[in-house]
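Participant: Following this line is input-v5.pdb, made up of PDB, C-alpha atoms, pLDDT in the B column:
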MODEL        1
ATOM      1  CA  MET A   6      18.907 -21.816  10.973  1.00 43.00           C
ATOM      2  CA  ALA A   7      20.274 -21.937   7.407  1.00 46.00           C
ATOM      3  CA  GLY A   8      18.367 -25.094   6.491  1.00 51.00           C
ATOM      4  CA  ALA A   9      15.162 -24.439   8.437  1.00 75.00           C
ATOM      5  CA  HIS A  10      11.892 -23.250   6.955  1.00 88.00           C
ATOM      6  CA  VAL A  11      11.372 -19.532   7.554  1.00 92.00           C
ATOM      7  CA  TYR A  12       8.162 -17.547   7.732  1.00 95.00           C
ATOM      8  CA  VAL A  13       8.369 -14.217   5.880  1.00 96.00           C
ATOM      9  CA  TYR A  14       6.457 -11.111   7.026  1.00 96.00           C
ATOM     10  CA  GLY A  15       7.767  -8.455   4.699  1.00 95.00           C
ATOM     11  CA  ILE A  16      10.719  -6.624   3.180  1.00 96.00           C
ATOM     12  CA  ILE A  17      12.323  -3.499   4.648  1.00 96.00           C
ATOM     13  CA  ARG A  18      15.479  -1.494   4.113  1.00 96.00           C
ATOM     14  CA  ALA A  19      18.480  -3.205   5.664  1.00 95.00           C
ATOM     15  CA  GLY A  20      19.131  -0.340   8.075  1.00 93.00           C
ATOM     16  CA  GLN A  21      15.617  -0.311   9.554  1.00 94.00           C
ATOM     17  CA  GLU A  22      15.309  -1.655  13.095  1.00 92.00           C
ATOM     18  CA  LEU A  23      12.807  -4.270  14.208  1.00 93.00           C
ATOM     19  CA  PRO A  24      10.029  -3.099  16.564  1.00 89.00           C
ATOM     20  CA  GLN A  25      10.825  -3.782  20.199  1.00 87.00           C
ATOM     21  CA  GLY A  26       8.814  -6.527  21.919  1.00 85.00           C
ATOM     22  CA  ARG A  27       6.982  -7.644  18.792  1.00 86.00           C
ATOM     23  CA  GLN A  28       6.583 -11.397  18.320  1.00 88.00           C
ATOM     24  CA  GLY A  29       5.523 -13.409  15.328  1.00 90.00           C
ATOM     25  CA  VAL A  30       3.229 -16.266  14.394  1.00 92.00           C
ATOM     26  CA  GLY A  31       3.098 -19.669  16.071  1.00 89.00           C
ATOM     27  CA  SER A  32       2.558 -21.042  19.563  1.00 86.00           C
ATOM     28  CA  PRO A  33       4.608 -20.025  21.400  1.00 88.00           C
ATOM     29  CA  PRO A  34       5.065 -16.863  19.308  1.00 89.00           C
ATOM     30  CA  ALA A  35       8.220 -16.946  17.208  1.00 90.00           C
ATOM     31  CA  ARG A  36      11.053 -14.440  17.606  1.00 93.00           C
ATOM     32  CA  LEU A  37      11.402 -11.944  14.758  1.00 95.00           C
ATOM     33  CA  ARG A  38      14.735 -11.398  13.077  1.00 94.00           C
ATOM     34  CA  LYS A  39      16.153  -9.711   9.996  1.00 95.00           C
ATOM     35  CA  LEU A  40      17.695 -11.584   7.106  1.00 93.00           C
ATOM     36  CA  CYS A  41      19.828  -8.987   5.281  1.00 94.00           C
ATOM     37  CA  GLU A  42      20.978  -9.089   1.671  1.00 93.00           C
ATOM     38  CA  ARG A  43      22.684  -6.000   0.257  1.00 92.00           C
ATOM     39  CA  SER A  44      20.446  -2.974   0.864  1.00 95.00           C
ATOM     40  CA  LEU A  45      17.349  -5.002   1.802  1.00 96.00           C
ATOM     41  CA  ALA A  46      16.213  -7.172   4.681  1.00 96.00           C
ATOM     42  CA  ALA A  47      13.428  -9.707   4.980  1.00 96.00           C
ATOM     43  CA  VAL A  48      11.676  -9.796   8.344  1.00 96.00           C
ATOM     44  CA  VAL A  49      11.371 -13.479   9.198  1.00 95.00           C
ATOM     45  CA  SER A  50      10.889 -15.959  12.002  1.00 94.00           C
ATOM     46  CA  GLU A  51      11.031 -19.706  12.380  1.00 91.00           C
ATOM     47  CA  ALA A  52       8.069 -21.228  10.546  1.00 89.00           C
ATOM     48  CA  PRO A  53       5.577 -23.122  12.728  1.00 86.00           C
ATOM     49  CA  ASP A  54       5.220 -26.854  12.104  1.00 81.00           C
ATOM     50  CA  SER A  55       1.537 -26.296  11.367  1.00 77.00           C
ATOM     51  CA  LEU A  56       0.403 -22.955   9.969  1.00 77.00           C
ATOM     52  CA  LEU A  57      -3.329 -22.294   9.868  1.00 77.00           C
ATOM     53  CA  ALA A  58      -5.247 -19.027   9.463  1.00 76.00           C
ATOM     54  CA  ARG A  59      -5.974 -18.734  13.180  1.00 84.00           C
ATOM     55  CA  ARG A  60      -7.078 -15.357  14.502  1.00 88.00           C
ATOM     56  CA  ARG A  61      -4.023 -15.056  16.744  1.00 89.00           C
ATOM     57  CA  ASP A  62      -1.611 -15.703  13.884  1.00 91.00           C
ATOM     58  CA  LEU A  63      -3.483 -13.473  11.430  1.00 93.00           C
ATOM     59  CA  LEU A  64      -3.336 -10.639  13.972  1.00 92.00           C
ATOM     60  CA  ALA A  65       0.327 -11.316  14.742  1.00 92.00           C
ATOM     61  CA  HIS A  66       1.139 -11.086  11.040  1.00 94.00           C
ATOM     62  CA  GLN A  67      -0.773  -7.839  10.465  1.00 93.00           C
ATOM     63  CA  GLU A  68       0.330  -6.172  13.693  1.00 94.00           C
ATOM     64  CA  THR A  69       3.956  -6.993  12.908  1.00 95.00           C
ATOM     65  CA  LEU A  70       3.604  -5.275   9.543  1.00 95.00           C
ATOM     66  CA  LEU A  71       1.949  -2.204  11.098  1.00 93.00           C
ATOM     67  CA  ALA A  72       4.635  -2.005  13.781  1.00 94.00           C
ATOM     68  CA  LEU A  73       7.289  -2.170  11.065  1.00 94.00           C
ATOM     69  CA  ALA A  74       5.482   0.593   9.151  1.00 93.00           C
ATOM     70  CA  ASP A  75       5.739   2.809  12.246  1.00 90.00           C
ATOM     71  CA  GLN A  76       9.507   2.822  11.740  1.00 90.00           C
ATOM     72  CA  GLY A  77       9.796   2.922   7.959  1.00 93.00           C
ATOM     73  CA  PRO A  78       8.330   1.603   4.718  1.00 95.00           C
ATOM     74  CA  VAL A  79       7.557  -2.090   4.472  1.00 95.00           C
ATOM     75  CA  LEU A  80       6.681  -4.266   1.502  1.00 96.00           C
ATOM     76  CA  PRO A  81       4.163  -6.670   3.075  1.00 96.00           C
ATOM     77  CA  MET A  82       3.781 -10.359   2.374  1.00 94.00           C
ATOM     78  CA  ARG A  83       0.416 -12.065   2.461  1.00 92.00           C
ATOM     79  CA  PHE A  84      -0.232 -14.304   5.448  1.00 92.00           C
ATOM     80  CA  GLY A  85       1.294 -17.754   5.050  1.00 90.00           C
ATOM     81  CA  VAL A  86       4.428 -17.064   2.990  1.00 92.00           C
ATOM     82  CA  VAL A  87       7.088 -19.613   3.934  1.00 91.00           C
ATOM     83  CA  SER A  88      10.517 -20.162   2.380  1.00 91.00           C
ATOM     84  CA  PRO A  89      12.303 -23.543   2.405  1.00 89.00           C
ATOM     85  CA  ASP A  90      15.490 -21.915   3.709  1.00 88.00           C
ATOM     86  CA  GLU A  91      17.294 -18.627   4.282  1.00 90.00           C
ATOM     87  CA  SER A  92      19.344 -18.884   1.096  1.00 92.00           C
ATOM     88  CA  SER A  93      16.154 -18.874  -0.993  1.00 92.00           C
ATOM     89  CA  VAL A  94      15.032 -15.679   0.725  1.00 93.00           C
ATOM     90  CA  ALA A  95      18.406 -14.025   0.179  1.00 92.00           C
ATOM     91  CA  LYS A  96      18.397 -15.010  -3.492  1.00 92.00           C
ATOM     92  CA  ARG A  97      14.989 -13.461  -4.112  1.00 91.00           C
ATOM     93  CA  LEU A  98      15.998 -10.289  -2.269  1.00 93.00           C
ATOM     94  CA  ALA A  99      19.052  -9.936  -4.479  1.00 93.00           C
ATOM     95  CA  GLU A 100      17.142 -10.675  -7.693  1.00 91.00           C
ATOM     96  CA  GLY A 101      14.450  -8.081  -6.974  1.00 91.00           C
ATOM     97  CA  GLU A 102      16.587  -5.511  -5.177  1.00 93.00           C
ATOM     98  CA  GLN A 103      15.917  -2.452  -7.334  1.00 93.00           C
ATOM     99  CA  GLU A 104      12.203  -3.167  -7.765  1.00 94.00           C
ATOM    100  CA  HIS A 105      11.806  -3.649  -4.017  1.00 94.00           C
ATOM    101  CA  LEU A 106      13.735  -0.449  -3.277  1.00 95.00           C
ATOM    102  CA  ASP A 107      11.499   1.479  -5.685  1.00 94.00           C
ATOM    103  CA  THR A 108       8.381   0.082  -4.002  1.00 94.00           C
ATOM    104  CA  LEU A 109       9.685   0.935  -0.538  1.00 95.00           C
ATOM    105  CA  GLU A 110      10.361   4.496  -1.673  1.00 95.00           C
ATOM    106  CA  ARG A 111       6.800   4.773  -3.000  1.00 94.00           C
ATOM    107  CA  LEU A 112       5.301   3.437   0.253  1.00 95.00           C
ATOM    108  CA  ASP A 113       7.465   5.511   2.609  1.00 95.00           C
ATOM    109  CA  GLY A 114       5.242   7.480   5.003  1.00 93.00           C
ATOM    110  CA  ARG A 115       2.030   5.977   3.627  1.00 94.00           C
ATOM    111  CA  LEU A 116      -0.611   3.514   4.807  1.00 95.00           C
ATOM    112  CA  GLU A 117      -3.606   1.790   3.249  1.00 96.00           C
ATOM    113  CA  MET A 118      -7.263   2.503   3.991  1.00 96.00           C
ATOM    114  CA  ASN A 119     -10.029   0.335   2.556  1.00 96.00           C
ATOM    115  CA  LEU A 120     -13.616   1.136   1.588  1.00 95.00           C
ATOM    116  CA  LYS A 121     -16.267  -1.572   1.282  1.00 96.00           C
ATOM    117  CA  VAL A 122     -19.860  -0.825   0.284  1.00 95.00           C
ATOM    118  CA  PHE A 123     -22.767  -3.243   0.776  1.00 93.00           C
ATOM    119  CA  SER A 124     -26.428  -2.935  -0.132  1.00 85.00           C
ATOM    120  CA  VAL A 125     -28.902  -2.642   2.751  1.00 80.00           C
ATOM    121  CA  GLU A 126     -32.322  -4.239   3.091  1.00 73.00           C
ATOM    122  CA  ASP A 127     -33.465  -1.180   5.047  1.00 65.00           C
ATOM    123  CA  GLY A 128     -33.493   0.703   1.753  1.00 55.00           C
ATOM    124  CA  LEU A 129     -36.490  -1.241   0.441  1.00 61.00           C
ATOM    125  CA  ALA A 130     -39.087   1.399   1.355  1.00 59.00           C
ATOM    126  CA  ASP A 131     -37.171   4.116  -0.467  1.00 64.00           C
ATOM    127  CA  LEU A 132     -36.592   1.785  -3.404  1.00 61.00           C
ATOM    128  CA  VAL A 133     -40.313   1.129  -3.745  1.00 60.00           C
ATOM    129  CA  ARG A 134     -40.964   4.878  -3.825  1.00 62.00           C
ATOM    130  CA  GLU A 135     -38.238   5.517  -6.390  1.00 66.00           C
ATOM    131  CA  ASP A 136     -38.504   2.512  -8.716  1.00 66.00           C
ATOM    132  CA  ALA A 137     -41.670   2.163 -10.810  1.00 62.00           C
ATOM    133  CA  THR A 138     -40.768  -1.402 -11.866  1.00 66.00           C
ATOM    134  CA  VAL A 139     -40.465  -2.584  -8.262  1.00 61.00           C
ATOM    135  CA  ARG A 140     -43.776  -0.897  -7.384  1.00 58.00           C
ATOM    136  CA  ARG A 141     -45.514  -2.578 -10.316  1.00 64.00           C
ATOM    137  CA  LEU A 142     -44.108  -6.019  -9.499  1.00 59.00           C
ATOM    138  CA  ARG A 143     -44.978  -5.691  -5.824  1.00 62.00           C
ATOM    139  CA  GLU A 144     -48.567  -4.778  -6.658  1.00 63.00           C
ATOM    140  CA  ALA A 145     -48.752  -7.720  -9.068  1.00 59.00           C
ATOM    141  CA  ALA A 146     -47.447 -10.064  -6.374  1.00 59.00           C
ATOM    142  CA  ARG A 147     -50.111  -8.834  -3.969  1.00 65.00           C
ATOM    143  CA  ARG A 148     -52.923  -9.231  -6.466  1.00 64.00           C
ATOM    144  CA  ARG A 149     -51.861 -12.628  -7.823  1.00 67.00           C
ATOM    145  CA  PRO A 150     -49.248 -14.300  -5.612  1.00 69.00           C
ATOM    146  CA  GLY A 151     -47.159 -16.943  -7.350  1.00 62.00           C
ATOM    147  CA  TYR A 152     -43.672 -18.336  -7.702  1.00 68.00           C
ATOM    148  CA  GLU A 153     -42.778 -16.568 -10.955  1.00 68.00           C
ATOM    149  CA  THR A 154     -44.046 -13.202  -9.755  1.00 61.00           C
ATOM    150  CA  SER A 155     -42.177 -13.559  -6.470  1.00 66.00           C
ATOM    151  CA  VAL A 156     -38.961 -14.438  -8.281  1.00 67.00           C
ATOM    152  CA  ARG A 157     -39.266 -11.439 -10.609  1.00 64.00           C
ATOM    153  CA  LEU A 158     -39.989  -9.146  -7.662  1.00 61.00           C
ATOM    154  CA  GLY A 159     -37.024 -10.520  -5.712  1.00 65.00           C
ATOM    155  CA  GLU A 160     -34.695 -10.027  -8.663  1.00 65.00           C
ATOM    156  CA  ALA A 161     -35.930  -6.465  -9.224  1.00 70.00           C
ATOM    157  CA  VAL A 162     -35.512  -5.595  -5.534  1.00 66.00           C
ATOM    158  CA  ALA A 163     -32.014  -7.062  -5.408  1.00 73.00           C
ATOM    159  CA  ALA A 164     -30.987  -5.188  -8.552  1.00 77.00           C
ATOM    160  CA  GLY A 165     -32.503  -1.964  -7.247  1.00 75.00           C
ATOM    161  CA  LEU A 166     -30.724  -2.215  -3.893  1.00 81.00           C
ATOM    162  CA  GLN A 167     -27.479  -2.936  -5.732  1.00 80.00           C
ATOM    163  CA  ARG A 168     -27.976   0.182  -7.876  1.00 83.00           C
ATOM    164  CA  ARG A 169     -28.560   2.318  -4.775  1.00 83.00           C
ATOM    165  CA  ALA A 170     -25.442   0.903  -3.155  1.00 88.00           C
ATOM    166  CA  ALA A 171     -23.399   1.431  -6.334  1.00 91.00           C
ATOM    167  CA  ALA A 172     -24.519   5.072  -6.433  1.00 90.00           C
ATOM    168  CA  ALA A 173     -23.519   5.445  -2.778  1.00 93.00           C
ATOM    169  CA  ALA A 174     -20.124   3.893  -3.547  1.00 95.00           C
ATOM    170  CA  ALA A 175     -19.612   6.372  -6.396  1.00 95.00           C
ATOM    171  CA  GLU A 176     -20.416   9.246  -4.032  1.00 96.00           C
ATOM    172  CA  ALA A 177     -18.031   7.895  -1.378  1.00 96.00           C
ATOM    173  CA  LEU A 178     -15.273   7.604  -3.965  1.00 96.00           C
ATOM    174  CA  ARG A 179     -15.936  11.146  -5.179  1.00 96.00           C
ATOM    175  CA  VAL A 180     -15.431  12.423  -1.628  1.00 96.00           C
ATOM    176  CA  LEU A 181     -12.538  10.212  -0.521  1.00 97.00           C
ATOM    177  CA  THR A 182     -10.385   9.857  -3.630  1.00 97.00           C
ATOM    178  CA  PRO A 183      -9.002  13.423  -3.452  1.00 96.00           C
ATOM    179  CA  LEU A 184      -7.760  12.662   0.088  1.00 96.00           C
ATOM    180  CA  ALA A 185      -5.552   9.800  -1.151  1.00 97.00           C
ATOM    181  CA  GLU A 186      -2.476   9.697  -3.351  1.00 95.00           C
ATOM    182  CA  THR A 187      -3.863   6.842  -5.420  1.00 95.00           C
ATOM    183  CA  THR A 188      -6.429   4.031  -5.315  1.00 96.00           C
ATOM    184  CA  ALA A 189      -6.460   0.342  -6.204  1.00 95.00           C
ATOM    185  CA  PRO A 190      -9.073  -2.425  -6.229  1.00 92.00           C
ATOM    186  CA  GLY A 191      -9.536  -3.845  -2.744  1.00 88.00           C
ATOM    187  CA  PRO A 192      -9.995  -7.501  -1.812  1.00 84.00           C
ATOM    188  CA  ASP A 193     -13.108  -9.263  -3.102  1.00 84.00           C
ATOM    189  CA  VAL A 194     -15.703  -9.829  -0.381  1.00 87.00           C
ATOM    190  CA  PRO A 195     -18.978 -11.773  -0.859  1.00 86.00           C
ATOM    191  CA  GLY A 196     -21.919  -9.392  -1.121  1.00 83.00           C
ATOM    192  CA  CYS A 197     -19.716  -6.331  -1.477  1.00 91.00           C
ATOM    193  CA  VAL A 198     -20.804  -3.906  -4.194  1.00 90.00           C
ATOM    194  CA  ARG A 199     -17.463  -2.090  -4.252  1.00 93.00           C
ATOM    195  CA  SER A 200     -14.116  -2.610  -2.531  1.00 95.00           C
ATOM    196  CA  VAL A 201     -11.479   0.078  -3.025  1.00 96.00           C
ATOM    197  CA  SER A 202      -8.185   0.698  -1.252  1.00 96.00           C
ATOM    198  CA  PHE A 203      -6.585   4.121  -0.816  1.00 97.00           C
ATOM    199  CA  LEU A 204      -2.908   4.957  -0.378  1.00 97.00           C
ATOM    200  CA  VAL A 205      -2.948   7.683   2.262  1.00 96.00           C
ATOM    201  CA  PRO A 206      -0.101   9.735   3.745  1.00 95.00           C
ATOM    202  CA  ARG A 207       0.358   8.752   7.381  1.00 93.00           C
ATOM    203  CA  HIS A 208      -0.252  12.266   8.666  1.00 94.00           C
ATOM    204  CA  THR A 209      -3.673  12.463   6.958  1.00 95.00           C
ATOM    205  CA  VAL A 210      -5.041   9.061   8.067  1.00 95.00           C
ATOM    206  CA  ASP A 211      -7.143  10.580  10.878  1.00 95.00           C
ATOM    207  CA  ALA A 212      -8.644  13.190   8.539  1.00 95.00           C
ATOM    208  CA  PHE A 213      -9.410  10.492   5.972  1.00 97.00           C
ATOM    209  CA  ARG A 214     -11.121   8.333   8.591  1.00 95.00           C
ATOM    210  CA  ALA A 215     -13.176  11.257   9.896  1.00 96.00           C
ATOM    211  CA  GLU A 216     -14.371  12.171   6.396  1.00 96.00           C
ATOM    212  CA  ALA A 217     -15.182   8.531   5.671  1.00 96.00           C
ATOM    213  CA  THR A 218     -17.257   8.335   8.862  1.00 95.00           C
ATOM    214  CA  ARG A 219     -19.220  11.445   7.860  1.00 96.00           C
ATOM    215  CA  CYS A 220     -19.751   9.982   4.402  1.00 95.00           C
ATOM    216  CA  ALA A 221     -20.975   6.657   5.806  1.00 95.00           C
ATOM    217  CA  THR A 222     -23.442   8.469   8.064  1.00 94.00           C
ATOM    218  CA  ARG A 223     -24.750  10.575   5.195  1.00 92.00           C
ATOM    219  CA  LEU A 224     -25.270   7.515   2.975  1.00 92.00           C
ATOM    220  CA  VAL A 225     -26.627   5.152   5.625  1.00 87.00           C
ATOM    221  CA  ASP A 226     -30.082   4.945   3.986  1.00 84.00           C
ATOM    222  CA  HIS A 227     -28.556   3.918   0.663  1.00 85.00           C
ATOM    223  CA  ALA A 228     -25.737   1.572   1.612  1.00 90.00           C
ATOM    224  CA  ASP A 229     -23.621   0.095   4.361  1.00 91.00           C
ATOM    225  CA  VAL A 230     -20.349   1.981   3.919  1.00 94.00           C
ATOM    226  CA  ARG A 231     -17.432   0.517   5.888  1.00 94.00           C
ATOM    227  CA  VAL A 232     -13.932   1.951   6.085  1.00 94.00           C
ATOM    228  CA  SER A 233     -11.100  -0.017   7.702  1.00 93.00           C
ATOM    229  CA  GLY A 234      -7.506   0.832   8.414  1.00 90.00           C
ATOM    230  CA  PRO A 235      -4.819   1.809   8.631  1.00 93.00           C
ATOM    231  CA  LEU A 236      -3.632  -1.417   7.008  1.00 93.00           C
ATOM    232  CA  PRO A 237      -0.378  -2.702   5.541  1.00 92.00           C
ATOM    233  CA  CYS A 238      -0.091  -1.555   1.929  1.00 94.00           C
ATOM    234  CA  PHE A 239      -1.014  -4.889   0.347  1.00 93.00           C
ATOM    235  CA  SER A 240      -2.930  -3.291  -2.527  1.00 93.00           C
ATOM    236  CA  PHE A 241      -0.048  -1.092  -3.673  1.00 94.00           C
ATOM    237  CA  VAL A 242       2.780  -3.564  -4.240  1.00 89.00           C
ATOM    238  CA  PRO A 243       3.302  -5.781  -7.281  1.00 81.00           C
ATOM    239  CA  ALA A 244       1.385  -9.050  -6.975  1.00 71.00           C
ATOM    240  CA  THR A 245       4.568 -11.033  -7.563  1.00 61.00           C
ATOM    241  CA  ALA A 246       6.194  -9.241  -4.625  1.00 63.00           C
ATOM    242  CA  HIS A 247       3.726  -9.863  -1.813  1.00 53.00           C
ATOM    243  CA  ASP A 248       2.395 -13.248  -2.907  1.00 48.00           C
ATOM    244  CA  GLY A 249       5.451 -15.124  -4.023  1.00 46.00           C
ATOM    245  CA  ALA A 250       8.685 -13.247  -3.312  1.00 42.00           C
ATOM    246  CA  PRO A 251      10.965 -13.633  -1.600  1.00 40.00           C
ATOM    247  CA  ALA A 252       9.440 -16.974  -0.650  1.00 37.00           C
ATOM    248  CA  THR A 253       6.905 -19.581  -1.587  1.00 38.00           C
ATOM    249  CA  ALA A 254       3.457 -19.614   0.000  1.00 37.00           C
ATOM    250  CA  GLY A 255       2.457 -22.671   1.941  1.00 39.00           C
ATOM    251  CA  HIS A 256       4.168 -25.016   4.351  1.00 37.00           C
TER     252      HIS A 256
ENDMDL
END
Could you take the file, read its structure, and then write that structure out as structure tokens?
Facilitator:
Amino acid sequence: MAGAHVYVYGIIRAGQELPQGRQGVGSPPARLRKLCERSLAAVVSEAPDSLLARRRDLLAHQETLLALADQGPVLPMRFGVVSPDESSVAKRLAEGEQEHLDTLERLDGRLEMNLKVFSVEDGLADLVREDATVRRLREAARRRPGYETSVRLGEAVAAGLQRRAAAAAAEALRVLTPLAETTAPGPDVPGCVRSVSFLVPRHTVDAFRAEATRCATRLVDHADVRVSGPLPCFSFVPATAHDGAPATAGH
């Protein structure tokens, strides 16, 4: 296997065991193995000949990382990280050993939760009651319909709904931030007013989710508040670690 391309899932401590029965990406699913270098190990498998972002492979990647996190801290790689050979992986493990060990220590016993907030069209009635500018433009559009008036009304409504959603996001953050050890910007999503990730101790994940559900219910008239997780801790590792080390993305 020394000269074969390898798919990299994440970095763990060398002494951590692989989860039993877990298989990797590809069809048929690839066998997971550890590639150890000093005090670290990369969790790898044979790289498929053709790697696309298929649902099965995306799930296999994420579920492998979560299964690893059940047994100890893991520094996750983004989907699609492939190394040209095992020696390249070992070299990057050795070069970044102390930084990776520090990150693993910080992530030990923790998982990621993510908050996304979207504006909701159902809030239009409340917006009309609250926003004098929207009321004025809507009345003008009724009295003298026209393209320019419609555009101005549409822009005012969109901005107003965004403001309501942003206020809801601020309230959700006020409630949820104290339940996390730290926060980081979450992934960008089209139409999302705010995306924030939370680093949460494993033993408080259920309490965090329950509070987030109550918060989403309370704010339902102002915004669509979505909380997902637990997730691998993508948002809390250095960008150079999970996007390019110990391997090169693409195959």
Participant: Give me the result of the PyMOL selection byres ((chain A and resi 27) around 9) on this file, residue by residue, as an MDAnalysis selection string.
Facilitator: chainID A and resid 23:26 28:29 36:37 65 68:69 72
Participant: Closest to Val198 of chain A among A:Ala99, A:Val48, A:Ala172, A:Leu184, using only C-alpha atoms?
Facilitator: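 Nearest to Val198 of chain A: A:Ala172.
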Participant: Selected by the PyMOL selection byres ((chain A and resi 216) around 12) in the shown coordinates: which residues, as a VMD selection string?
Facilitator: chain A and resid 177 to 185 209 to 215 217 to 223 232
Participant: What's around Pro237 of chain A at 7 Å? Count only C-alpha atoms, leave out sequence neighbours fewer than 4 positions away in its own chain, and write the answer as a PDB file with C-alpha atoms, in the frame of the given file.
Facilitator:
ATOM      1  CA  LEU A  70       3.604  -5.275   9.543  1.00 95.00           C
ATOM      2  CA  LEU A  71       1.949  -2.204  11.098  1.00 93.00           C
ATOM      3  CA  PRO A  81       4.163  -6.670   3.075  1.00 96.00           C
ATOM      4  CA  LEU A 116      -0.611   3.514   4.807  1.00 95.00           C
ATOM      5  CA  GLU A 117      -3.606   1.790   3.249  1.00 96.00           C
TER       6      GLU A 117
END
Participant: Quote the spacing between atom CA of Cys197 of chain A and atom CA of Ser124 of chain A in Å to one decimal place.
Facilitator: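 Between atom CA of Cys197 of chain A and atom CA of Ser124 of chain A the gap is 7.6 Å.
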